[in-house]
$ cat target31.txt   # compact mmCIF, C-alpha atoms
# COMPACT_ATOMS: atom_id res chain seq x y z
CA MET A 184 -12.66 21.14 11.95
CA THR A 185 -12.57 24.42 10.05
CA ALA A 186 -12.51 24.75 6.26
CA ALA A 187 -8.94 26.08 6.45
CA ALA A 188 -7.82 23.06 8.46
CA LEU A 189 -9.52 20.70 6.02
CA ALA A 190 -7.89 22.44 3.07
CA LYS A 191 -4.48 22.28 4.78
CA ARG A 192 -4.91 18.58 5.54
CA GLY A 193 -6.09 17.87 1.99
CA PHE A 194 -3.13 19.71 0.49
CA GLY A 195 -0.75 17.75 2.72
CA PHE A 196 -2.36 14.48 1.69
CA VAL A 197 -2.10 15.31 -2.02
CA LEU A 198 1.52 16.39 -1.63
CA ALA A 199 2.39 13.19 0.25
CA LEU A 200 0.62 11.11 -2.40
CA VAL A 201 2.59 12.82 -5.18
CA VAL A 202 5.89 12.17 -3.40
CA VAL A 203 5.00 8.52 -2.72
CA LEU A 204 3.93 7.91 -6.32
CA LEU A 205 7.10 9.46 -7.72
CA LEU A 206 9.32 7.52 -5.32
CA VAL A 207 7.57 4.21 -5.99
CA GLY A 208 7.79 4.88 -9.71
CA GLN A 209 11.50 5.52 -9.29
CA LEU A 210 11.99 2.27 -7.39
CA LEU A 211 10.02 0.20 -9.91
CA GLY A 212 11.57 1.89 -12.93
CA GLN A 213 8.27 3.01 -14.44
CA PRO A 214 5.81 5.83 -13.78
CA ILE A 215 3.06 5.14 -11.26
CA LEU A 216 0.19 7.50 -12.14
CA LEU A 217 2.67 10.38 -12.44
CA GLY A 218 5.57 10.83 -14.85
CA TYR A 219 7.67 13.60 -16.31
CA VAL A 220 9.79 14.38 -19.37
CA ALA A 221 13.47 15.16 -18.93
CA SER A 222 14.18 16.49 -22.42
CA GLY A 223 12.64 18.80 -25.02
CA SER A 224 11.79 16.09 -27.56
CA MET A 225 8.05 16.51 -26.92
CA GLU A 226 7.88 20.31 -27.20
CA PRO A 227 5.60 22.18 -27.54
CA THR A 228 3.23 19.50 -26.19
CA MET A 229 5.35 19.04 -23.07
CA ASP A 230 8.22 21.27 -22.05
CA THR A 231 11.33 19.94 -20.36
CA GLY A 232 10.48 19.13 -16.76
CA ASP A 233 6.71 19.01 -17.27
CA GLY A 234 4.84 16.25 -15.48
CA PHE A 235 1.91 14.26 -16.78
CA ILE A 236 -0.66 11.74 -15.60
CA ALA A 237 0.50 8.26 -16.63
CA ILE A 238 -2.23 5.64 -17.10
CA PRO A 239 -0.72 2.14 -16.63
CA SER A 240 -0.89 -0.02 -19.74
CA ILE A 241 -2.87 -2.63 -17.82
CA VAL A 242 -5.88 -0.26 -17.72
CA SER A 243 -5.20 2.16 -20.59
CA GLY A 244 -6.70 0.00 -23.33
CA ASP A 245 -5.51 -0.33 -26.93
CA VAL A 246 -2.84 2.00 -28.25
CA GLU A 247 -3.90 4.14 -31.20
CA GLU A 248 -2.20 6.55 -33.54
CA GLY A 249 -1.81 9.91 -31.80
CA ASP A 250 -1.39 8.46 -28.29
CA VAL A 251 1.57 9.62 -26.23
CA ILE A 252 3.11 6.49 -24.68
CA VAL A 253 5.84 5.66 -22.19
CA PHE A 254 7.85 2.68 -23.44
CA GLN A 255 11.02 0.82 -22.58
CA ALA A 256 13.30 1.72 -25.47
CA ARG A 257 16.02 -0.55 -26.83
CA GLU A 258 18.36 1.97 -28.39
CA LEU A 259 17.07 5.42 -27.42
CA HIS A 260 18.70 7.03 -24.38
CA GLY A 261 20.65 3.88 -23.64
CA GLY A 262 17.51 1.74 -23.44
CA SER A 263 15.71 3.80 -20.81
CA LEU A 264 12.06 4.84 -20.55
CA THR A 265 11.01 7.17 -23.38
CA THR A 266 7.87 9.30 -23.73
CA HIS A 267 6.98 9.84 -27.41
CA ARG A 268 3.90 9.92 -29.65
CA VAL A 269 2.64 7.03 -31.79
CA VAL A 270 2.57 8.27 -35.39
CA ASP A 271 1.84 4.99 -37.19
CA THR A 272 1.00 1.34 -36.59
CA THR A 273 2.52 -1.49 -38.64
CA ASP A 274 2.54 -5.28 -38.56
CA GLU A 275 5.94 -5.14 -36.87
CA GLY A 276 4.88 -2.67 -34.16
CA TYR A 277 4.31 1.02 -33.46
CA VAL A 278 6.22 3.88 -35.09
CA THR A 279 7.01 6.59 -32.52
CA LYS A 280 8.33 10.13 -32.68
CA GLY A 281 9.00 13.08 -30.41
CA ASP A 282 6.84 16.03 -31.43
CA ALA A 283 9.95 18.22 -31.69
CA ASN A 284 12.04 15.66 -33.60
CA PRO A 285 12.37 15.86 -37.41
CA PHE A 286 12.41 12.07 -37.82
CA THR A 287 10.86 9.01 -36.21
CA ASP A 288 12.58 6.89 -33.60
CA GLN A 289 12.64 4.01 -36.07
CA ASP A 290 14.50 6.16 -38.60
CA GLY A 291 17.08 6.64 -35.85
CA GLY A 292 17.61 2.92 -35.26
CA GLU A 293 14.95 2.11 -32.65
CA PRO A 294 13.01 -1.08 -33.60
CA PRO A 295 9.22 -0.78 -33.87
CA VAL A 296 7.71 -0.61 -30.40
CA GLN A 297 5.82 -3.70 -29.22
CA ASP A 298 2.87 -3.82 -26.83
CA GLY A 299 5.08 -5.53 -24.27
CA GLN A 300 7.41 -2.52 -24.14
CA ILE A 301 4.64 -0.02 -23.30
CA VAL A 302 4.28 0.71 -19.59
CA ALA A 303 1.83 3.64 -19.66
CA LYS A 304 -0.08 6.20 -21.72
CA ALA A 305 -0.21 9.91 -21.02
CA LEU A 306 -3.70 11.12 -20.18
CA GLN A 307 -5.20 13.18 -23.00
CA ILE A 308 -8.45 15.13 -23.00
CA ARG A 309 -9.78 15.90 -26.47
CA GLY A 310 -6.39 15.06 -27.90
CA VAL A 311 -4.46 17.37 -25.56
CA VAL A 312 -2.00 15.92 -23.03
CA VAL A 313 -2.78 16.95 -19.45
CA THR A 314 0.49 18.36 -18.09
CA ILE A 315 1.67 19.42 -14.63
CA PRO A 316 4.17 22.27 -15.08
CA TYR A 317 7.52 22.03 -13.27
CA LEU A 318 6.73 18.69 -11.61
CA GLY A 319 9.68 16.98 -13.28
CA THR A 320 11.91 20.00 -12.66
CA SER A 321 11.25 19.69 -8.94
CA VAL A 322 11.90 15.96 -8.95
CA MET A 323 15.13 16.34 -10.92
CA ALA A 324 16.26 19.07 -8.51
CA ILE A 325 15.65 16.77 -5.54
CA GLN A 326 17.45 13.95 -7.33
CA GLY A 327 20.40 16.25 -8.07
CA PHE A 328 20.52 17.31 -4.41
CA ALA A 329 20.45 13.63 -3.37
CA GLU A 330 23.28 12.82 -5.78
CA ARG A 331 25.43 15.63 -4.39
CA GLY A 332 24.64 14.55 -0.85
CA TYR A 333 25.48 10.96 -1.70
CA GLY A 334 28.77 12.10 -3.26
CA THR A 335 29.71 14.08 -0.16
CA ILE A 336 28.90 11.23 2.20
CA ALA A 337 30.59 8.69 -0.08
CA THR A 338 33.79 10.79 -0.08
CA ILE A 339 33.79 10.95 3.71
CA VAL A 340 33.26 7.21 4.23
CA GLY A 341 35.39 6.13 1.27
CA VAL A 342 32.67 4.67 -0.98
CA THR A 343 33.62 4.76 -4.66
CA THR A 344 30.47 3.39 -6.35
CA THR A 345 28.15 5.65 -8.32
CA PRO A 346 24.51 5.67 -7.21
CA SER A 347 21.80 4.56 -9.61
CA SER A 348 18.38 6.22 -9.87
CA ASN A 349 16.83 3.25 -8.10
CA GLY A 350 19.48 3.45 -5.38
CA LEU A 351 18.79 7.14 -4.85
CA GLY A 352 15.06 6.45 -4.68
CA ALA A 353 15.66 3.75 -2.08
CA MET A 354 17.94 6.13 -0.15
CA LEU A 355 15.23 8.82 -0.09
CA VAL A 356 12.70 6.29 1.19
CA ALA A 357 15.16 5.12 3.85
CA ILE A 358 15.79 8.72 4.95
CA GLY A 359 12.05 9.33 5.17
CA VAL A 360 11.55 6.20 7.29
CA ALA A 361 14.46 7.23 9.52
CA PHE A 362 12.98 10.69 10.08
CA LEU A 363 9.63 9.10 10.89
CA GLY A 364 11.32 6.83 13.41
CA PHE A 365 13.19 9.72 15.05
CA ALA A 366 10.00 11.77 15.20
CA THR A 367 8.12 8.89 16.84
CA LEU A 368 10.96 8.29 19.31
CA PHE A 369 11.10 11.98 20.23
CA GLU A 370 7.34 12.08 20.64
CA ARG A 371 7.38 9.07 22.93
CA LEU A 372 10.48 9.90 25.00
CA GLY A 373 10.70 13.68 24.74
CA PRO A 374 9.44 16.17 27.31
CA ALA A 375 5.81 15.79 28.15
CA ARG A 376 3.38 18.50 27.08
CA ARG A 377 0.62 19.69 29.31
CA GLU A 378 -2.81 18.85 28.00
CA THR A 379 -4.94 21.97 27.54
CA THR A 380 -7.97 20.28 26.00
CA ARG A 381 -10.24 17.57 27.21
CA ARG A 382 -10.04 14.25 25.39
CA ARG A 383 -13.17 12.44 24.28
CA SER A 384 -11.33 9.31 23.15
CA ARG A 385 -10.38 6.58 25.60
CA GLU A 386 -6.70 6.09 26.35
CA ASN A 387 -5.00 2.72 25.91
CA VAL A 388 -7.83 1.51 23.64
CA ILE A 389 -7.53 0.70 19.97
CA ALA A 390 -10.80 0.55 18.04
CA PHE A 391 -11.40 -2.95 16.70
CA TRP A 392 -12.20 -1.90 13.16
CA THR A 393 -9.18 0.39 13.05
CA ALA A 394 -6.88 -2.45 14.05
CA LEU A 395 -8.57 -4.84 11.64
CA GLY A 396 -8.30 -2.27 8.84
CA LEU A 397 -4.55 -1.98 9.40
CA VAL A 398 -4.16 -5.76 9.33
CA LEU A 399 -6.17 -6.01 6.13
CA LEU A 400 -4.11 -3.23 4.57
CA VAL A 401 -0.92 -5.20 5.25
CA PHE A 402 -2.42 -8.46 3.95
CA VAL A 403 -3.80 -6.91 0.78
CA THR A 404 -0.58 -5.00 0.12
CA PHE A 405 1.56 -8.13 0.37
CA ALA A 406 -0.92 -10.22 -1.61
CA THR A 407 -1.04 -7.65 -4.41
CA ALA A 408 2.76 -7.39 -4.44
CA ALA A 409 3.03 -11.19 -4.63
CA MET A 410 0.88 -11.14 -7.77
CA VAL A 411 2.11 -7.97 -9.48
CA VAL A 412 5.87 -7.99 -8.82
CA PRO A 413 6.69 -11.41 -10.38
CA SER A 414 4.39 -10.69 -13.34
CA GLY A 415 5.65 -8.93 -16.41
CA THR A 416 6.63 -9.17 -20.05
CA TYR A 417 9.47 -11.43 -21.15
CA GLU A 418 11.46 -11.08 -24.35
CA TYR A 419 12.70 -13.76 -26.74
CA GLU A 420 15.26 -12.92 -29.41
CA LEU A 421 14.82 -14.66 -32.76
CA VAL A 422 17.17 -14.53 -35.76
CA SER A 423 15.82 -15.33 -39.22
CA THR A 424 18.74 -16.31 -41.46
CA GLU A 425 19.65 -18.50 -44.41
CA SER A 426 22.47 -19.98 -42.30
CA PRO A 427 20.76 -21.44 -39.20
CA THR A 428 22.76 -23.03 -36.37
CA ASN A 429 22.04 -25.48 -33.57
CA ASP A 430 20.79 -22.57 -31.50
CA PRO A 431 16.98 -22.98 -31.45
CA GLN A 432 16.57 -19.20 -31.70
CA ILE A 433 18.53 -18.95 -34.97
CA VAL A 434 16.32 -20.45 -37.70
CA THR A 435 15.55 -20.25 -41.39
CA PRO A 436 12.96 -17.72 -42.64
CA GLY A 437 9.38 -18.89 -41.99
CA ALA A 438 10.46 -21.68 -39.61
CA THR A 439 8.96 -22.29 -36.16
CA THR A 440 11.07 -23.23 -33.16
CA GLU A 441 10.03 -24.54 -29.74
CA LEU A 442 11.49 -23.50 -26.38
CA THR A 443 10.72 -24.69 -22.85
CA ARG A 444 9.96 -22.05 -20.26
CA SER A 445 10.18 -22.82 -16.54
CA VAL A 446 7.89 -21.04 -14.10
CA HIS A 447 8.68 -21.02 -10.37
CA ASN A 448 6.59 -20.41 -7.28
CA ALA A 449 8.84 -19.47 -4.37
CA GLY A 450 5.91 -18.65 -2.08
CA TYR A 451 3.78 -20.61 0.36
CA VAL A 452 0.51 -20.20 -1.52
CA PRO A 453 -0.26 -21.96 -4.85
CA VAL A 454 -0.42 -19.59 -7.82
CA THR A 455 -2.26 -19.72 -11.12
CA ILE A 456 -0.06 -18.44 -13.94
CA VAL A 457 -1.55 -17.16 -17.21
CA HIS A 458 0.57 -16.50 -20.32
CA GLU A 459 -0.43 -14.09 -23.08
CA SER A 460 1.18 -13.51 -26.49
CA GLU A 461 2.01 -9.81 -26.61
CA SER A 462 3.53 -9.72 -30.08
CA SER A 463 3.08 -11.56 -33.35
CA GLY A 464 4.94 -14.78 -34.08
CA ILE A 465 4.76 -16.29 -30.58
CA GLY A 466 2.54 -18.96 -29.02
CA VAL A 467 2.39 -20.85 -25.71
CA ASP A 468 0.97 -24.15 -24.43
CA PRO A 469 -0.52 -24.59 -21.92
CA ARG A 470 -1.84 -21.06 -21.71
CA TRP A 471 -2.34 -21.37 -17.95
CA GLN A 472 -1.33 -23.69 -15.15
CA THR A 473 -1.38 -23.85 -11.35
CA VAL A 474 1.98 -24.22 -9.61
CA GLY A 475 2.03 -25.55 -6.06
CA ILE A 476 3.83 -24.30 -2.97
CA ARG A 477 7.56 -23.81 -3.63
CA ASP A 478 7.19 -25.80 -6.81
CA ARG A 479 7.86 -25.25 -10.50
CA GLY A 480 6.14 -25.94 -13.82
CA GLU A 481 7.01 -25.91 -17.50
CA THR A 482 5.33 -24.49 -20.56
CA SER A 483 6.19 -24.68 -24.27
CA VAL A 484 6.83 -21.47 -26.22
CA TRP A 485 6.74 -21.38 -30.04
CA LEU A 486 8.54 -18.70 -32.01
CA THR A 487 7.88 -18.21 -35.74
CA ALA A 488 10.45 -16.38 -37.86
CA PRO A 489 9.30 -13.93 -40.57
CA GLU A 490 10.08 -14.63 -44.22
CA GLU A 491 12.52 -11.73 -44.24
CA THR A 492 15.94 -12.26 -42.71
CA GLY A 493 16.93 -10.21 -39.68
CA LYS A 494 16.83 -10.05 -35.90
CA TYR A 495 13.43 -9.95 -34.22
CA THR A 496 12.06 -9.76 -30.69
CA ARG A 497 9.00 -11.60 -29.42
CA HIS A 498 7.13 -10.74 -26.20
CA LEU A 499 5.32 -13.06 -23.80
CA GLY A 500 3.25 -11.72 -20.90
CA GLU A 501 3.07 -13.58 -17.61
CA TYR A 502 0.33 -12.91 -15.04
CA ARG A 503 0.22 -14.47 -11.58
CA TYR A 504 -2.71 -14.84 -9.20
CA LEU A 505 -2.85 -16.42 -5.75
CA ALA A 506 -4.90 -19.59 -6.18
CA VAL A 507 -7.56 -18.79 -3.57
CA LEU A 508 -10.26 -19.31 -6.22
CA PRO A 509 -10.69 -22.15 -8.74
CA PRO A 510 -8.17 -21.71 -11.58
CA VAL A 511 -10.92 -21.65 -14.20
CA ALA A 512 -12.57 -18.73 -12.38
CA LEU A 513 -9.27 -16.85 -12.17
CA VAL A 514 -8.60 -17.34 -15.90
CA TRP A 515 -12.12 -16.18 -16.73
CA LEU A 516 -11.65 -13.06 -14.60
CA HIS A 517 -8.24 -12.48 -16.19
CA ASP A 518 -9.84 -12.56 -19.63
CA LEU A 519 -12.25 -9.85 -18.47
CA HIS A 520 -9.32 -7.81 -17.17
CA PRO A 521 -6.25 -8.63 -15.02
CA LEU A 522 -7.41 -6.11 -12.42
CA ALA A 523 -10.68 -8.04 -12.07
CA ALA A 524 -8.74 -11.18 -11.09
CA ILE A 525 -6.54 -9.25 -8.64
CA ALA A 526 -9.60 -7.60 -7.06
CA ALA A 527 -11.33 -10.98 -6.69
CA VAL A 528 -8.30 -12.51 -4.98
CA ASN A 529 -8.05 -9.57 -2.58
CA GLY A 530 -11.79 -9.82 -1.93
CA VAL A 531 -11.42 -13.46 -0.86
CA ILE A 532 -8.47 -12.57 1.40
CA VAL A 533 -10.41 -9.73 3.04
CA ALA A 534 -13.54 -11.83 3.56
CA THR A 535 -11.58 -14.78 4.98
CA THR A 536 -9.50 -12.61 7.32
CA VAL A 537 -12.53 -10.71 8.68
CA SER A 538 -14.45 -13.95 9.26
CA LEU A 539 -11.56 -15.61 11.13
CA VAL A 540 -10.85 -12.56 13.31
CA LEU A 541 -14.52 -12.15 14.24
CA LEU A 542 -14.80 -15.87 15.00
CA ILE A 543 -11.68 -16.01 17.17
CA PHE A 544 -11.52 -12.58 18.82
CA GLY A 545 -14.98 -11.11 18.46
CA SER A 546 -15.50 -7.44 17.68
CA GLY A 547 -14.57 -5.78 21.00
CA ASP A 548 -12.04 -2.95 21.19
CA ILE A 549 -8.44 -3.81 22.08
CA ARG A 550 -7.24 -2.57 25.48
CA PHE A 551 -3.65 -2.51 26.68
CA ARG A 552 -1.72 -1.17 29.64
CA SER A 553 0.88 1.56 29.38
CA PRO A 554 3.67 2.34 31.87
CA GLY A 555 2.96 6.04 31.54
CA HIS A 556 5.09 8.77 30.08
CA HIS A 557 5.99 10.09 33.55
CA VAL A 558 8.25 7.07 34.20
CA PRO A 559 11.80 7.78 32.98
CA LEU A 560 13.21 5.55 30.27
CA SER A 561 16.10 4.44 32.53
CA THR A 562 13.64 3.28 35.18
CA ARG A 563 11.59 1.33 32.63
CA LEU A 564 14.72 -0.38 31.32
CA GLU A 565 15.87 -1.19 34.86
CA ARG A 566 12.50 -2.75 35.68
CA ARG A 567 12.55 -4.85 32.53
CA LEU A 568 16.11 -6.06 33.29
CA ARG A 569 15.20 -6.91 36.91
CA LYS A 570 12.12 -8.82 35.72
CA TRP A 571 14.19 -10.72 33.20
CA LEU A 572 16.79 -11.68 35.84
CA ASN A 573 14.09 -12.85 38.26
CA ASP A 574 12.51 -15.00 35.56
CA ARG A 575 15.86 -16.66 34.98
$ encode --input "target31.txt" --output "structure tokens"
Amino acid sequence: MTAAALAKRGFGFVLALVVVLLLVGQLLGQPILLGYVASGSMEPTMDTGDGFIAIPSIVSGDVEEGDVIVFQARELHGGSLTTHRVVDTTDEGYVTKGDANPFTDQDGGEPPVQDGQIVAKALQIRGVVVTIPYLGTSVMAIQGFAERGYGTIATIVGVTTTPSSNGLGAMLVAIGVAFLGFATLFERLGPARRETTRRRSRENVIAFWTALGLVLLVFVTFATAAMVVPSGTYEYELVSTESPTNDPQIVTPGATTELTRSVHNAGYVPVTIVHESESSGIGVDPRWQTVGIRDRGETSVWLTAPEETGKYTRHLGEYRYLAVLPPVALVWLHDLHPLAAIAAVNGVIVATTVSLVLLIFGSGDIRFRSPGHHVPLSTRLERRLRKWLNDR
């Protein structure tokens, strides 16, 4: 393969990766390695439409003054994701501000940002944010085109609902899958092309390790999704007032209240669930527990109200791991880093799957018969129907 071909293939791979990351981030509602700003609040650091490398909070480490963070706002922009700089840290949370804004977000009514609200940090090198010019502009243009297309189609078919960003992201993924399916169908059933080169690979043979790699990719993807998707940060509202009620979350200043939290396992593999306090004034017992197949468990959550009256929010993190290792080992790995526990679980799944496949099937290549592309589709269907009738 020539250098030009390698460069072309590499560029295509990078472009596909960028599109996938942006679409997945759109579907999940948070940036996945790539993000962009849609306003000028961060100028001159980031212009409107600039992209940036978003480091997920799970691996970005502690937040410090000067960091540019992506957080789930409560009041700003209708409670959507916001990319602003941390300008101060207080006991109640982080004070944030857009570089171009004359006042902080908290001066504008946004409560102090808690660790549980932060989804990512923008990559900075020597204090300078690494930006990707026009990345967001391109994405917003595509999204605008999709919205107009959706509106046109909706008018034709009589749909009156307005698409959400997540819905548009899902639509783009569905269109991509459809195009892939049509391309595959055309390739399989379209006019045959004359071969002008000699093949070195064997037809109708799938390499064993290629097939096994695909199986492992599916297993690891679903296992990771089963651990990551149900995990997250949960919020508890607490009101500190001189006039408490029977509501356990409306208490007198300085008082502690207890709530019961139910945790469910809807899957067919036991899970070990670890809880972490991600803001002040919250505690949990037990910190971790193993929940069986399609079972549920309960844990106690304590909320402590500040001495000052007002409305407060407490955050509790929940992390789930497939219980393929002893719970104590999973908790120990979690304390090192959540990614260490996820990697260990996936390692066990990979090792177990490879061992079972080698034991049952061996390591020989997979051979299969093909009817040949020269046989028309109608003839193939007729043969299958005749065979089915004879078997009856």
$ residues_around --input "target31.txt" --residues "region 442-455 of chain A" --least-positions-apart "3" --cutoff "6 Å" --atoms "all atoms listed in the file" --output "PyMOL selection string"
chain A and resi 472-484+503-506
$ residues_around --input "target31.txt" --residues "Ala527 (chain A)" --least-positions-apart "2" --cutoff "10 Å" --atoms "all atoms listed in the file" --output "list in words"
Tyr504, Val507, Leu508, Ala512, Leu513, Leu516, Leu522, Ala523, Ala524, Ile525, Asn529, Gly530, Val531, Ile532 and Val533 of chain A
$ closest_residue --input "target31.txt" --among "A:Pro431, A:Pro510, A:Pro413, A:Gly223" --to "Leu486 (chain A)" --atoms "only C-alpha atoms"
A:Pro431
$ atom_distance --input "target31.txt" --atom1 "CA of Ile315 (chain A)" --atom2 "CA of Gly262 (chain A)"
25.3 Å
$ atom_distance --input "target31.txt" --atom1 "CA of Gly261 (chain A)" --atom2 "CA of Pro295 (chain A)"
16.0 Å
$ residues_around --input "target31.txt" --residues "region 456-471 of chain A" --least-positions-apart "4" --cutoff "8 Å" --atoms "only C-alpha atoms" --output "VMD selection string"
chain A and resid 275 297 to 299 482 to 489 497 to 504 514
$ residues_around --input "target31.txt" --residues "Thr287 (chain A)" --least-positions-apart "6" --cutoff "10 Å" --atoms "all atoms listed in the file" --output "JSON list (two decimals) with C-alpha atoms, keeping the file's coordinate frame"
[["chain", "number", "residue", "atom", "x", "y", "z"],
["A", 267, "HIS", "CA", 6.98, 9.84, -27.41],
["A", 268, "ARG", "CA", 3.90, 9.92, -29.65],
["A", 269, "VAL", "CA", 2.64, 7.03, -31.79],
["A", 270, "VAL", "CA", 2.57, 8.27, -35.39],
["A", 271, "ASP", "CA", 1.84, 4.99, -37.19],
["A", 278, "VAL", "CA", 6.22, 3.88, -35.09],
["A", 279, "THR", "CA", 7.01, 6.59, -32.52],
["A", 280, "LYS", "CA", 8.33, 10.13, -32.68],
["A", 281, "GLY", "CA", 9.00, 13.08, -30.41],
["A", 293, "GLU", "CA", 14.95, 2.11, -32.65]]
$ build_atoms --input "target31.txt" --residues "region 529-546 of chain A" --atoms "N, CA and C atoms" --output "short mmCIF file (atom, residue, chain, number, x, y, z; two decimals), keeping the file's coordinate frame"
data_model
loop_
_atom_site.label_atom_id
_atom_site.label_comp_id
_atom_site.auth_asym_id
_atom_site.auth_seq_id
_atom_site.Cartn_x
_atom_site.Cartn_y
_atom_site.Cartn_z
N ASN A 529 -8.09 -10.40 -3.78
CA ASN A 529 -8.05 -9.57 -2.58
C ASN A 529 -9.39 -9.61 -1.83
N GLY A 530 -10.49 -9.70 -2.57
CA GLY A 530 -11.79 -9.82 -1.93
C GLY A 530 -11.91 -11.08 -1.09
N VAL A 531 -11.40 -12.19 -1.61
CA VAL A 531 -11.42 -13.46 -0.86
C VAL A 531 -10.54 -13.34 0.39
N ILE A 532 -9.37 -12.72 0.25
CA ILE A 532 -8.47 -12.57 1.40
C ILE A 532 -9.12 -11.71 2.48
N VAL A 533 -9.75 -10.62 2.08
CA VAL A 533 -10.41 -9.73 3.04
C VAL A 533 -11.55 -10.47 3.74
N ALA A 534 -12.40 -11.13 2.97
CA ALA A 534 -13.54 -11.83 3.56
C ALA A 534 -13.09 -12.93 4.52
N THR A 535 -12.08 -13.70 4.14
CA THR A 535 -11.58 -14.78 4.98
C THR A 535 -10.97 -14.24 6.27
N THR A 536 -10.15 -13.19 6.14
CA THR A 536 -9.50 -12.61 7.32
C THR A 536 -10.52 -12.05 8.30
N VAL A 537 -11.50 -11.29 7.81
CA VAL A 537 -12.53 -10.71 8.68
C VAL A 537 -13.31 -11.82 9.38
N SER A 538 -13.68 -12.85 8.66
CA SER A 538 -14.45 -13.95 9.26
C SER A 538 -13.67 -14.64 10.36
N LEU A 539 -12.38 -14.93 10.12
CA LEU A 539 -11.56 -15.61 11.13
C LEU A 539 -11.36 -14.74 12.37
N VAL A 540 -11.07 -13.44 12.16
CA VAL A 540 -10.85 -12.56 13.31
C VAL A 540 -12.12 -12.43 14.14
N LEU A 541 -13.27 -12.26 13.48
CA LEU A 541 -14.52 -12.15 14.24
C LEU A 541 -14.83 -13.45 14.98
N LEU A 542 -14.52 -14.58 14.37
CA LEU A 542 -14.80 -15.87 15.00
C LEU A 542 -13.91 -16.10 16.21
N ILE A 543 -12.63 -15.71 16.10
CA ILE A 543 -11.68 -16.01 17.17
C ILE A 543 -11.68 -14.94 18.26
N PHE A 544 -11.69 -13.65 17.86
CA PHE A 544 -11.52 -12.58 18.82
C PHE A 544 -12.78 -11.77 19.11
N GLY A 545 -13.81 -11.94 18.30
CA GLY A 545 -14.98 -11.11 18.46
C GLY A 545 -14.73 -9.73 17.89
N SER A 546 -15.60 -8.77 18.26
CA SER A 546 -15.50 -7.44 17.68
C SER A 546 -15.27 -6.36 18.74
#
